[in-house]
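target-v8.cif (mmCIF, C-alpha atoms)
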```
data_run
loop_
_atom_site.group_PDB
_atom_site.id
_atom_site.type_symbol
_atom_site.label_atom_id
_atom_site.label_comp_id
_atom_site.auth_asym_id
_atom_site.auth_seq_id
_atom_site.Cartn_x
_atom_site.Cartn_y
_atom_site.Cartn_z
ATOM 1 C CA MET A 2 105.462 103.851 133.845
ATOM 2 C CA LEU A 3 105.126 102.555 130.321
ATOM 3 C CA ALA A 4 102.231 100.249 129.562
ATOM 4 C CA CYS A 5 104.122 96.969 129.309
ATOM 5 C CA ARG A 6 101.545 94.251 130.030
ATOM 6 C CA ALA A 7 102.726 90.954 128.573
ATOM 7 C CA LEU A 8 100.456 89.558 125.883
ATOM 8 C CA SER A 9 99.309 85.976 126.287
ATOM 9 C CA LYS A 10 100.792 83.430 123.937
ATOM 10 C CA GLY A 11 98.340 80.656 123.282
ATOM 11 C CA SER A 12 98.888 77.304 121.629
ATOM 12 C CA GLY A 13 99.535 77.606 117.898
ATOM 13 C CA SER A 14 99.736 81.379 117.981
ATOM 14 C CA ALA A 15 102.392 84.064 118.108
ATOM 15 C CA ARG A 16 102.251 87.592 119.394
ATOM 16 C CA ARG A 17 102.043 90.646 117.149
ATOM 17 C CA LEU A 18 101.990 94.393 117.732
ATOM 18 C CA VAL A 19 101.279 97.084 115.159
ATOM 19 C CA LEU A 20 102.297 100.669 115.900
ATOM 20 C CA LYS A 21 102.545 104.024 114.185
ATOM 21 C CA SER A 22 105.639 106.155 114.703
ATOM 22 C CA ALA A 23 105.285 109.844 113.850
ATOM 23 C CA ALA A 24 107.587 112.314 112.126
ATOM 24 C CA LYS A 25 108.674 115.622 113.683
ATOM 25 C CA VAL A 26 109.549 119.128 112.615
ATOM 26 C CA ASN A 27 111.903 121.545 114.334
ATOM 27 C CA LEU A 28 110.086 124.817 114.961
ATOM 28 C CA THR A 29 113.436 126.185 116.070
ATOM 29 C CA LEU A 30 116.941 124.760 115.805
ATOM 30 C CA GLU A 31 119.781 126.771 117.294
ATOM 31 C CA ILE A 32 123.420 125.741 117.247
ATOM 32 C CA LEU A 33 124.967 127.107 120.433
ATOM 33 C CA GLY A 34 128.528 125.936 119.822
ATOM 34 C CA LYS A 35 130.879 122.996 119.362
ATOM 35 C CA ARG A 36 131.391 120.659 122.308
ATOM 36 C CA ALA A 37 134.615 119.041 123.477
ATOM 37 C CA ASP A 38 133.227 115.617 122.455
ATOM 38 C CA GLY A 39 132.857 116.739 118.839
ATOM 39 C CA TYR A 40 129.068 117.129 118.943
ATOM 40 C CA HIS A 41 127.271 120.468 118.748
ATOM 41 C CA GLU A 42 125.312 121.945 121.641
ATOM 42 C CA ILE A 43 121.804 122.777 120.448
ATOM 43 C CA ALA A 44 118.518 124.257 121.591
ATOM 44 C CA THR A 45 115.474 123.184 119.614
ATOM 45 C CA VAL A 46 111.705 123.031 119.808
ATOM 46 C CA MET A 47 110.565 119.731 118.339
ATOM 47 C CA GLN A 48 106.979 119.009 117.374
ATOM 48 C CA ALA A 49 105.509 115.635 116.378
ATOM 49 C CA VAL A 50 103.214 115.570 113.324
ATOM 50 C CA ASP A 51 100.776 112.990 112.026
ATOM 51 C CA LEU A 52 102.853 111.719 109.099
ATOM 52 C CA SER A 53 103.766 108.256 110.347
ATOM 53 C CA ASP A 54 105.546 105.024 109.553
ATOM 54 C CA ARG A 55 103.778 101.754 110.382
ATOM 55 C CA ILE A 56 105.746 99.214 112.396
ATOM 56 C CA THR A 57 104.711 95.576 112.787
ATOM 57 C CA LEU A 58 106.463 93.530 115.461
ATOM 58 C CA ASP A 59 106.111 89.744 115.303
ATOM 59 C CA ASP A 60 107.465 87.263 117.800
ATOM 60 C CA ALA A 61 110.502 85.510 116.360
ATOM 61 C CA ASP A 62 113.509 83.498 117.503
ATOM 62 C CA GLU A 63 116.040 86.029 116.178
ATOM 63 C CA LEU A 64 116.185 89.735 115.340
ATOM 64 C CA GLU A 65 115.318 90.586 111.740
ATOM 65 C CA LEU A 66 113.952 93.538 109.797
ATOM 66 C CA ARG A 67 112.031 94.020 106.561
ATOM 67 C CA SER A 68 111.149 97.329 104.900
ATOM 68 C CA SER A 69 108.759 98.487 102.198
ATOM 69 C CA ALA A 70 111.308 101.089 101.045
ATOM 70 C CA PRO A 71 114.114 99.774 98.813
ATOM 71 C CA ASP A 72 116.525 102.508 99.957
ATOM 72 C CA VAL A 73 116.198 101.582 103.643
ATOM 73 C CA PRO A 74 118.888 99.168 104.889
ATOM 74 C CA THR A 75 117.658 96.065 106.704
ATOM 75 C CA ASP A 76 120.940 95.215 108.456
ATOM 76 C CA SER A 77 122.748 96.769 111.424
ATOM 77 C CA ARG A 78 122.815 100.151 109.666
ATOM 78 C CA ASN A 79 119.100 100.451 110.416
ATOM 79 C CA LEU A 80 118.397 102.298 113.659
ATOM 80 C CA ALA A 81 115.219 100.312 114.328
ATOM 81 C CA LEU A 82 117.133 97.024 114.257
ATOM 82 C CA ARG A 83 119.868 98.537 116.435
ATOM 83 C CA ALA A 84 117.166 99.607 118.893
ATOM 84 C CA ALA A 85 115.931 96.023 119.171
ATOM 85 C CA GLU A 86 119.462 94.755 119.748
ATOM 86 C CA ALA A 87 120.207 97.469 122.337
ATOM 87 C CA LEU A 88 117.010 96.705 124.258
ATOM 88 C CA ARG A 89 117.655 92.959 124.117
ATOM 89 C CA GLN A 90 121.126 93.446 125.560
ATOM 90 C CA ALA A 91 119.858 95.814 128.248
ATOM 91 C CA ALA A 92 117.135 93.277 129.170
ATOM 92 C CA GLY A 93 119.601 90.429 129.594
ATOM 93 C CA GLY A 94 119.808 89.014 126.074
ATOM 94 C CA ARG A 95 116.337 87.523 125.826
ATOM 95 C CA GLY A 96 113.784 87.793 123.053
ATOM 96 C CA GLY A 97 113.642 88.009 119.302
ATOM 97 C CA VAL A 98 111.438 89.923 116.875
ATOM 98 C CA ARG A 99 110.695 90.349 113.195
ATOM 99 C CA ILE A 100 110.288 94.057 112.437
ATOM 100 C CA THR A 101 108.365 95.124 109.337
ATOM 101 C CA LEU A 102 108.612 98.817 108.434
ATOM 102 C CA ASP A 103 105.987 100.322 106.158
ATOM 103 C CA LYS A 104 107.701 103.625 105.363
ATOM 104 C CA ARG A 105 105.819 106.855 104.716
ATOM 105 C CA ILE A 106 108.285 109.292 106.273
ATOM 106 C CA PRO A 107 110.989 110.057 103.695
ATOM 107 C CA VAL A 108 114.525 108.970 104.510
ATOM 108 C CA ALA A 109 117.227 111.506 105.540
ATOM 109 C CA ALA A 110 114.674 114.305 105.283
ATOM 110 C CA GLY A 111 115.029 116.261 108.531
ATOM 111 C CA LEU A 112 111.822 114.661 109.836
ATOM 112 C CA GLY A 113 113.357 112.121 112.221
ATOM 113 C CA GLY A 114 111.942 109.014 110.555
ATOM 114 C CA GLY A 115 114.770 106.697 111.584
ATOM 115 C CA SER A 116 114.765 107.935 115.179
ATOM 116 C CA SER A 117 110.985 107.628 115.330
ATOM 117 C CA ASP A 118 111.137 104.033 114.103
ATOM 118 C CA ALA A 119 113.759 103.258 116.755
ATOM 119 C CA ALA A 120 111.537 104.725 119.471
ATOM 120 C CA GLY A 121 108.581 102.756 118.114
ATOM 121 C CA VAL A 122 110.567 99.528 118.356
ATOM 122 C CA LEU A 123 111.638 100.339 121.934
ATOM 123 C CA VAL A 124 108.083 101.120 123.039
ATOM 124 C CA GLY A 125 106.639 98.107 121.217
ATOM 125 C CA LEU A 126 109.199 95.622 122.481
ATOM 126 C CA THR A 127 108.790 96.664 126.115
ATOM 127 C CA ARG A 128 105.221 95.456 125.651
ATOM 128 C CA LEU A 129 105.891 92.452 123.419
ATOM 129 C CA TRP A 130 108.633 91.163 125.723
ATOM 130 C CA GLY A 131 106.688 91.899 128.906
ATOM 131 C CA LEU A 132 109.164 94.394 130.339
ATOM 132 C CA ARG A 133 107.965 96.778 133.022
ATOM 133 C CA TRP A 134 110.455 99.584 132.668
ATOM 134 C CA PRO A 135 109.945 103.206 133.718
ATOM 135 C CA LEU A 136 110.420 105.752 130.968
ATOM 136 C CA GLU A 137 113.706 106.901 132.498
ATOM 137 C CA ARG A 138 115.216 103.424 132.011
ATOM 138 C CA LEU A 139 114.087 103.334 128.389
ATOM 139 C CA ASP A 140 115.509 106.855 127.971
ATOM 140 C CA ALA A 141 118.959 105.526 128.814
ATOM 141 C CA VAL A 142 118.753 103.019 125.952
ATOM 142 C CA ALA A 143 117.271 105.594 123.567
ATOM 143 C CA ALA A 144 120.073 108.099 124.205
ATOM 144 C CA THR A 145 122.683 105.551 123.051
ATOM 145 C CA LEU A 146 120.940 105.250 119.675
ATOM 146 C CA GLY A 147 120.598 108.887 118.606
ATOM 147 C CA SER A 148 119.928 112.374 119.883
ATOM 148 C CA ASP A 149 116.309 112.496 118.641
ATOM 149 C CA VAL A 150 115.196 109.081 119.924
ATOM 150 C CA PRO A 151 114.351 110.231 123.499
ATOM 151 C CA PHE A 152 111.984 112.872 122.075
ATOM 152 C CA PHE A 153 110.014 110.250 120.151
ATOM 153 C CA LEU A 154 109.451 108.204 123.308
ATOM 154 C CA ARG A 155 107.214 111.100 124.339
ATOM 155 C CA GLY A 156 106.028 113.082 121.316
ATOM 156 C CA GLY A 157 103.874 116.183 121.445
ATOM 157 C CA ALA A 158 106.031 119.288 121.645
ATOM 158 C CA ALA A 159 109.266 119.565 123.597
ATOM 159 C CA VAL A 160 112.347 121.689 123.991
ATOM 160 C CA ALA A 161 115.546 119.676 123.597
ATOM 161 C CA THR A 162 119.024 120.708 124.674
ATOM 162 C CA GLY A 163 122.474 119.171 124.962
ATOM 163 C CA ARG A 164 122.980 117.066 121.834
ATOM 164 C CA GLY A 165 119.186 116.945 121.686
ATOM 165 C CA GLU A 166 118.865 114.121 124.189
ATOM 166 C CA LYS A 167 117.724 116.327 127.125
ATOM 167 C CA VAL A 168 113.986 116.648 126.535
ATOM 168 C CA ALA A 169 111.462 118.779 128.418
ATOM 169 C CA PRO A 170 107.783 118.507 127.327
ATOM 170 C CA LEU A 171 105.907 121.664 126.366
ATOM 171 C CA ARG A 172 102.256 122.560 126.093
ATOM 172 C CA ALA A 173 101.362 123.547 122.567
ATOM 173 C CA ARG A 174 98.278 124.365 120.550
ATOM 174 C CA SER A 175 97.390 122.206 117.565
ATOM 175 C CA LEU A 176 98.842 123.496 114.303
ATOM 176 C CA ALA A 177 98.266 122.706 110.646
ATOM 177 C CA LEU A 178 101.403 122.401 108.539
ATOM 178 C CA VAL A 179 102.400 121.677 104.966
ATOM 179 C CA LEU A 180 105.521 119.549 104.459
ATOM 180 C CA VAL A 181 107.447 119.784 101.186
ATOM 181 C CA ASN A 182 110.240 117.344 100.384
ATOM 182 C CA PRO A 183 112.350 117.584 97.194
ATOM 183 C CA LYS A 184 112.679 113.777 96.867
ATOM 184 C CA PHE A 185 116.375 113.617 97.668
ATOM 185 C CA PRO A 186 118.165 113.003 100.988
ATOM 186 C CA ALA A 187 120.462 115.273 102.982
ATOM 187 C CA SER A 188 123.309 114.045 105.154
ATOM 188 C CA THR A 189 123.041 115.317 108.725
ATOM 189 C CA ALA A 190 126.789 114.892 109.218
ATOM 190 C CA GLU A 191 127.519 116.905 106.068
ATOM 191 C CA MET A 192 125.203 119.720 107.129
ATOM 192 C CA TYR A 193 126.792 119.931 110.580
ATOM 193 C CA GLY A 194 130.192 119.915 108.898
ATOM 194 C CA ARG A 195 129.224 123.053 106.957
ATOM 195 C CA LEU A 196 128.412 125.067 110.072
ATOM 196 C CA THR A 197 130.608 128.038 110.945
ATOM 197 C CA PRO A 198 130.734 130.009 114.228
ATOM 198 C CA ALA A 199 128.880 132.821 112.451
ATOM 199 C CA MET A 200 125.848 130.488 112.323
ATOM 200 C CA TYR A 201 125.808 129.917 116.100
ATOM 201 C CA SER A 202 123.201 131.630 118.288
ATOM 202 C CA ASP A 203 122.423 132.067 121.981
ATOM 203 C CA GLY A 204 119.120 130.244 122.490
ATOM 204 C CA ALA A 205 116.978 133.380 122.444
ATOM 205 C CA ALA A 206 114.977 132.259 119.387
ATOM 206 C CA THR A 207 114.009 129.026 121.114
ATOM 207 C CA LYS A 208 112.919 130.859 124.259
ATOM 208 C CA ALA A 209 110.811 133.240 122.153
ATOM 209 C CA LEU A 210 109.111 130.379 120.319
ATOM 210 C CA VAL A 211 108.341 128.546 123.572
ATOM 211 C CA GLY A 212 106.444 131.620 124.704
ATOM 212 C CA ARG A 213 104.295 131.496 121.574
ATOM 213 C CA LEU A 214 103.436 127.790 121.412
ATOM 214 C CA GLY A 215 100.122 128.033 123.213
ATOM 215 C CA ARG A 216 99.016 131.099 121.270
ATOM 216 C CA SER A 217 98.180 131.810 117.642
ATOM 217 C CA ALA A 218 99.551 130.042 114.584
ATOM 218 C CA ALA A 219 100.697 133.445 113.326
ATOM 219 C CA GLY A 220 102.716 133.961 116.514
ATOM 220 C CA VAL A 221 104.434 130.609 116.025
ATOM 221 C CA ALA A 222 105.111 131.402 112.366
ATOM 222 C CA ARG A 223 106.775 134.716 113.239
ATOM 223 C CA ASN A 224 109.223 132.992 115.583
ATOM 224 C CA LEU A 225 110.457 130.098 113.422
ATOM 225 C CA TYR A 226 114.242 129.795 113.289
ATOM 226 C CA ASN A 227 116.780 127.284 111.974
ATOM 227 C CA GLY A 228 120.479 128.076 112.293
ATOM 228 C CA MET A 229 121.339 125.252 109.876
ATOM 229 C CA GLU A 230 119.242 126.562 107.005
ATOM 230 C CA GLU A 231 121.976 128.826 105.650
ATOM 231 C CA ALA A 232 124.440 125.924 105.499
ATOM 232 C CA ALA A 233 121.943 123.659 103.761
ATOM 233 C CA ALA A 234 120.707 126.314 101.338
ATOM 234 C CA GLY A 235 124.266 126.720 100.072
ATOM 235 C CA VAL A 236 124.145 123.107 98.888
ATOM 236 C CA PHE A 237 120.475 122.784 97.963
ATOM 237 C CA PRO A 238 118.946 125.816 96.176
ATOM 238 C CA GLN A 239 115.626 123.939 96.244
ATOM 239 C CA ILE A 240 115.258 124.855 99.923
ATOM 240 C CA ALA A 241 114.831 128.544 99.113
ATOM 241 C CA GLN A 242 112.518 127.625 96.244
ATOM 242 C CA MET A 243 110.285 125.505 98.502
ATOM 243 C CA ARG A 244 110.149 128.219 101.157
ATOM 244 C CA ALA A 245 109.203 130.834 98.562
ATOM 245 C CA ALA A 246 106.524 128.576 97.083
ATOM 246 C CA LEU A 247 104.937 127.959 100.489
ATOM 247 C CA LEU A 248 104.874 131.655 101.356
ATOM 248 C CA ALA A 249 103.481 132.578 97.928
ATOM 249 C CA ALA A 250 100.739 129.973 98.405
ATOM 250 C CA GLY A 251 99.622 131.579 101.670
ATOM 251 C CA ALA A 252 101.704 129.999 104.451
ATOM 252 C CA LEU A 253 102.121 132.238 107.498
ATOM 253 C CA GLY A 254 105.777 131.256 107.753
ATOM 254 C CA ALA A 255 108.095 128.591 106.353
ATOM 255 C CA LEU A 256 111.280 126.919 107.541
ATOM 256 C CA MET A 257 113.587 124.008 106.838
ATOM 257 C CA SER A 258 113.161 121.201 109.373
ATOM 258 C CA GLY A 259 116.233 119.830 111.135
ATOM 259 C CA SER A 260 119.196 119.368 108.808
ATOM 260 C CA GLY A 261 116.858 119.321 105.805
ATOM 261 C CA PRO A 262 115.984 119.142 103.086
ATOM 262 C CA THR A 263 112.253 119.093 104.012
ATOM 263 C CA VAL A 264 110.657 122.536 104.387
ATOM 264 C CA PHE A 265 107.377 123.122 106.217
ATOM 265 C CA GLY A 266 104.872 125.949 106.160
ATOM 266 C CA VAL A 267 102.459 127.025 108.918
ATOM 267 C CA ALA A 268 98.817 127.364 107.896
ATOM 268 C CA ARG A 269 95.880 129.060 109.615
ATOM 269 C CA SER A 270 93.829 125.850 109.514
ATOM 270 C CA TYR A 271 93.983 122.301 108.196
ATOM 271 C CA GLU A 272 91.702 123.273 105.324
ATOM 272 C CA GLN A 273 94.114 126.032 104.328
ATOM 273 C CA ALA A 274 96.999 123.564 104.646
ATOM 274 C CA ARG A 275 95.272 121.304 102.108
ATOM 275 C CA GLN A 276 94.816 124.263 99.780
ATOM 276 C CA ILE A 277 98.477 125.269 100.110
ATOM 277 C CA ARG A 278 99.548 121.690 99.479
ATOM 278 C CA ALA A 279 97.556 121.638 96.235
ATOM 279 C CA ARG A 280 99.156 124.904 95.116
ATOM 280 C CA VAL A 281 102.772 123.883 95.747
ATOM 281 C CA ALA A 282 102.574 120.235 94.650
ATOM 282 C CA ARG A 283 104.648 119.466 91.592
ATOM 283 C CA GLY A 284 106.326 116.447 90.072
ATOM 284 C CA SER A 285 109.724 117.064 91.653
ATOM 285 C CA TRP A 286 108.353 117.655 95.172
ATOM 286 C CA GLU A 287 106.408 115.453 97.567
ATOM 287 C CA CYS A 288 103.898 117.312 99.756
ATOM 288 C CA TRP A 289 101.690 116.551 102.758
ATOM 289 C CA ALA A 290 99.126 118.520 104.752
ATOM 290 C CA VAL A 291 99.519 117.428 108.392
ATOM 291 C CA ARG A 292 98.404 118.258 111.905
ATOM 292 C CA THR A 293 100.674 118.472 114.905
ATOM 293 C CA LEU A 294 100.252 115.883 117.650
ATOM 294 C CA THR A 295 99.634 116.858 121.252
ATOM 295 C CA GLY A 296 99.918 113.231 122.361
ATOM 296 C CA PRO A 297 102.467 110.432 121.955
ATOM 297 C CA ALA A 298 104.583 110.072 118.817
ATOM 298 C CA VAL A 299 104.332 106.275 119.067
ATOM 299 C CA ARG A 300 100.786 104.930 119.061
ATOM 300 C CA LEU A 301 99.541 101.355 119.313
ATOM 301 C CA VAL A 302 97.318 100.410 116.369
ATOM 302 C CA ALA A 303 96.610 96.769 117.195
ATOM 303 C CA ASN A 304 97.832 93.897 119.311
ATOM 304 C CA GLY A 305 96.894 90.270 119.587
ATOM 305 C CA ALA A 306 97.700 86.785 118.440
ATOM 306 C CA ARG A 307 98.151 85.552 114.912
ATOM 307 C CA ARG A 308 98.268 81.965 113.732
ATOM 308 C CA GLY A 309 101.716 80.424 113.823
#
```
In structure tokens, what does this structure look like?
Amino acid sequence: MLACRALSKGSGSARRLVLKSAAKVNLTLEILGKRADGYHEIATVMQAVDLSDRITLDDADELELRSSAPDVPTDSRNLALRAAEALRQAAGGRGGVRITLDKRIPVAAGLGGGSSDAAGVLVGLTRLWGLRWPLERLDAVAATLGSDVPFFLRGGAAVATGRGEKVAPLRARSLALVLVNPKFPASTAEMYGRLTPAMYSDGAATKALVGRLGRSAAGVARNLYNGMEEAAAGVFPQIAQMRAALLAAGALGALMSGSGPTVFGVARSYEQARQIRARVARGSWECWAVRTLTGPAVRLVANGARRG
């Protein structure tokens, strides 16, 4: 069960929750083929990392959203707002909330920031609204929002299949990574549109990586795979440049995450990750040294009452 204890609402006060919602990388991403419904069948190992957005949920009469990032829509195009609306409808049409997003995860970067924010809103509102839903019931709402959202309800490491909505948790060792983003977005739909049958695979790379997750960082690095990287690299030459820079700086392996354009490198330790970050940082790239998360992708920072 999710922790969904209702918070007390005293006189002259309103309820508030503050959460962090983490980014992810895809240690593998295999495209197995095109489905009859138009989606692609995939096999992927997803791993949450400690680069996070901050989400503040305040009691309100209606649903509204604010964002610190000027390029993030605050209307129905925003997945976090759609998550609030979907949960409200599923819960019988009750409740309102003001969502404030403090963005640190870059937008359309292959790091799942929008899906993570949606999961954060779902987890937070089950608590704010006093719902007592099992995870499976929240999964059903999450799957209507996007393929990655069910993963972020859990976090840690997981293998995802189907469209990405079928999630099985994995045990994984902690890893240190360096994320490099070229400061421009990539369209997931466009990247999938560039796939050809020659880029499809059979799931073997994902199975191999799963067998290495609890072992050495070098073993993980040797088994990285992304079947979309070729399609994206044809559009964005910076992807190859970022990979080469990470490897030259000492990364054990490097790979594009998701549909890009962010590339990550695997380091031997967090200290080495910081050193690699310093070596590859440049004006046209944004870089982070991060650790993988073995626990939830959505974490409660604070809850309580504020003055109305």
Point to revise | Selected residue of minimal separation from A:Ala141 among A:Ala91, A:Thr189, A:Val124, A:Leu248, counting all atoms listed in the file | key: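 Of all the options, A:Ala91 lies closest to A:Ala141.
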Quick one: residues within 12 Å of A:Phe153, all atoms listed in the file, excluding same-chain residues fewer than 6 positions away - as a CSV table (one decimal) with C-alpha atoms, in the coordinates of the input?
```csv
chain,number,residue,atom,x,y,z
A,21,LYS,CA,102.5,104.0,114.2
A,22,SER,CA,105.6,106.2,114.7
A,23,ALA,CA,105.3,109.8,113.8
A,24,ALA,CA,107.6,112.3,112.1
A,25,LYS,CA,108.7,115.6,113.7
A,26,VAL,CA,109.5,119.1,112.6
A,47,MET,CA,110.6,119.7,118.3
A,48,GLN,CA,107.0,119.0,117.4
A,49,ALA,CA,105.5,115.6,116.4
A,50,VAL,CA,103.2,115.6,113.3
A,53,SER,CA,103.8,108.3,110.3
A,112,LEU,CA,111.8,114.7,109.8
A,113,GLY,CA,113.4,112.1,112.2
A,114,GLY,CA,111.9,109.0,110.6
A,115,GLY,CA,114.8,106.7,111.6
A,116,SER,CA,114.8,107.9,115.2
A,117,SER,CA,111.0,107.6,115.3
A,118,ASP,CA,111.1,104.0,114.1
A,119,ALA,CA,113.8,103.3,116.8
A,120,ALA,CA,111.5,104.7,119.5
A,121,GLY,CA,108.6,102.8,118.1
A,122,VAL,CA,110.6,99.5,118.4
A,123,LEU,CA,111.6,100.3,121.9
A,124,VAL,CA,108.1,101.1,123.0
A,136,LEU,CA,110.4,105.8,131.0
A,139,LEU,CA,114.1,103.3,128.4
A,140,ASP,CA,115.5,106.9,128.0
A,143,ALA,CA,117.3,105.6,123.6
A,144,ALA,CA,120.1,108.1,124.2
A,147,GLY,CA,120.6,108.9,118.6
A,159,ALA,CA,109.3,119.6,123.6
A,161,ALA,CA,115.5,119.7,123.6
A,165,GLY,CA,119.2,116.9,121.7
A,166,GLU,CA,118.9,114.1,124.2
A,168,VAL,CA,114.0,116.6,126.5
A,169,ALA,CA,111.5,118.8,128.4
A,170,PRO,CA,107.8,118.5,127.3
A,294,LEU,CA,100.3,115.9,117.6
A,296,GLY,CA,99.9,113.2,122.4
A,297,PRO,CA,102.5,110.4,122.0
A,298,ALA,CA,104.6,110.1,118.8
A,299,VAL,CA,104.3,106.3,119.1
A,300,ARG,CA,100.8,104.9,119.1
```
**Study point:** Residues within 7 Å of stretch 192-200 of chain A, all atoms listed in the file, excluding chain neighbours under 2 positions, as a list in words
**Key:** Ser188, Thr189, Ala190, Ser202, Gly228, Ala232, Ala233 and Ser260 of chain A
Practice item. Just say which residues the PyMOL selection byres ((chain A and resi 83) around 12) picks in this file, as a PyMOL selection string. Key: chain A and resi 64-66+74-82+84-90+100+115-116+118-120+122-123+142-143+145-147
Review point. Between A:Ala209, A:Val291, A:Ala187, A:Val181, which is the closest to A:Arg244 once you count all atoms listed in the file?
Key: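 Closest candidate: A:Val181.
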Exercise on stretch 128-138 of chain A, axis-aligned box with 8 Å per side, report centre and edge lengths in Å to one decimal, as lines of an AutoDock Vina configuration file:
```
center_x = 110.2
center_y = 99.0
center_z = 128.6
size_x = 26.0
size_y = 31.7
size_z = 26.3
```
**Study point:** Contacts of A:Leu171 at 9 Å (only C-alpha atoms; same-chain gap of 2+ positions) as a list of chain:residue names
**Key:**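 Everything that qualifies: A:Val46, A:Gly157, A:Ala158, A:Ala159, A:Val160, A:Ala169, A:Ala173, A:Val211, A:Leu214.
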Review point. Between A:Asp51, A:Glu191, A:Glu63, A:Glu31, which one has atoms that come closest to A:Ala109, using all atoms listed in the file?
Key: A:Glu191
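Atom CA of A:Leu176 lies 22.6 Å from atom CA of A:Ala241.
Using all atoms listed in the file, the residues found no farther than 12 Å from A:Gly284, other than those of its own chain fewer than 2 positions away, are Val181, Asn182, Pro183, Lys184, Ala279, Val281, Ala282, Trp286, Glu287 and Cys288 of chain A.
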Revision key, fill the gap. Counting only C-alpha atoms, closest pick from A:Pro262, A:Ala205, A:Gly97, A:Leu247 relative to A:Gly235 is A:Pro262
Exercise for review: Name the residues captured by the PyMOL selection byres ((chain A and resi 177) around 6) when it is applied to the shown file; answer as a ChimeraX atom specification.
Suggested key: /A:176,178,268,270-271,291-292
What's around A:Arg223 at 8 Å? Count all atoms listed in the file, leave out sequence neighbours fewer than 2 positions away in its own chain, and write the answer as a short mmCIF file (atom, residue, chain, number, x, y, z; two decimals) with C-alpha atoms, in the frame of the given file.
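As a result, result-v4.cif now contains:
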```
data_model
loop_
_atom_site.label_atom_id
_atom_site.label_comp_id
_atom_site.auth_asym_id
_atom_site.auth_seq_id
_atom_site.Cartn_x
_atom_site.Cartn_y
_atom_site.Cartn_z
CA ALA A 219 100.70 133.44 113.33
CA GLY A 220 102.72 133.96 116.51
CA VAL A 221 104.43 130.61 116.02
CA LEU A 225 110.46 130.10 113.42
CA LEU A 253 102.12 132.24 107.50
CA GLY A 254 105.78 131.26 107.75
#
```
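You can rank A:Thr29, A:Ala61, A:Ala44, A:Asp38 by their closest distance to A:Asp203 using all atoms listed in the file, and at the top of that list sits A:Ala44.
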Exercise for review: Counting only C-alpha atoms, write as a ChimeraX atom specification all protein and nucleic acid residues lying at most 7 Å from (117.1, 126.5, 108.8) in the file's frame.
Suggested key: /A:226-231,256-258
Just to be explicit: take each residue in the selection above, keep C-alpha atoms, and write the result as a PDB file, in the coordinates of the input.
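Contents of selection39.pdb, as written:
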```
ATOM      1  CA  TYR A 226     114.242 129.795 113.289  1.00  0.00           C
ATOM      2  CA  ASN A 227     116.780 127.284 111.974  1.00  0.00           C
ATOM      3  CA  GLY A 228     120.479 128.076 112.293  1.00  0.00           C
ATOM      4  CA  MET A 229     121.339 125.252 109.876  1.00  0.00           C
ATOM      5  CA  GLU A 230     119.242 126.562 107.005  1.00  0.00           C
ATOM      6  CA  GLU A 231     121.976 128.826 105.650  1.00  0.00           C
ATOM      7  CA  LEU A 256     111.280 126.919 107.541  1.00  0.00           C
ATOM      8  CA  MET A 257     113.587 124.008 106.838  1.00  0.00           C
ATOM      9  CA  SER A 258     113.161 121.201 109.373  1.00  0.00           C
TER      10      SER A 258
END
```
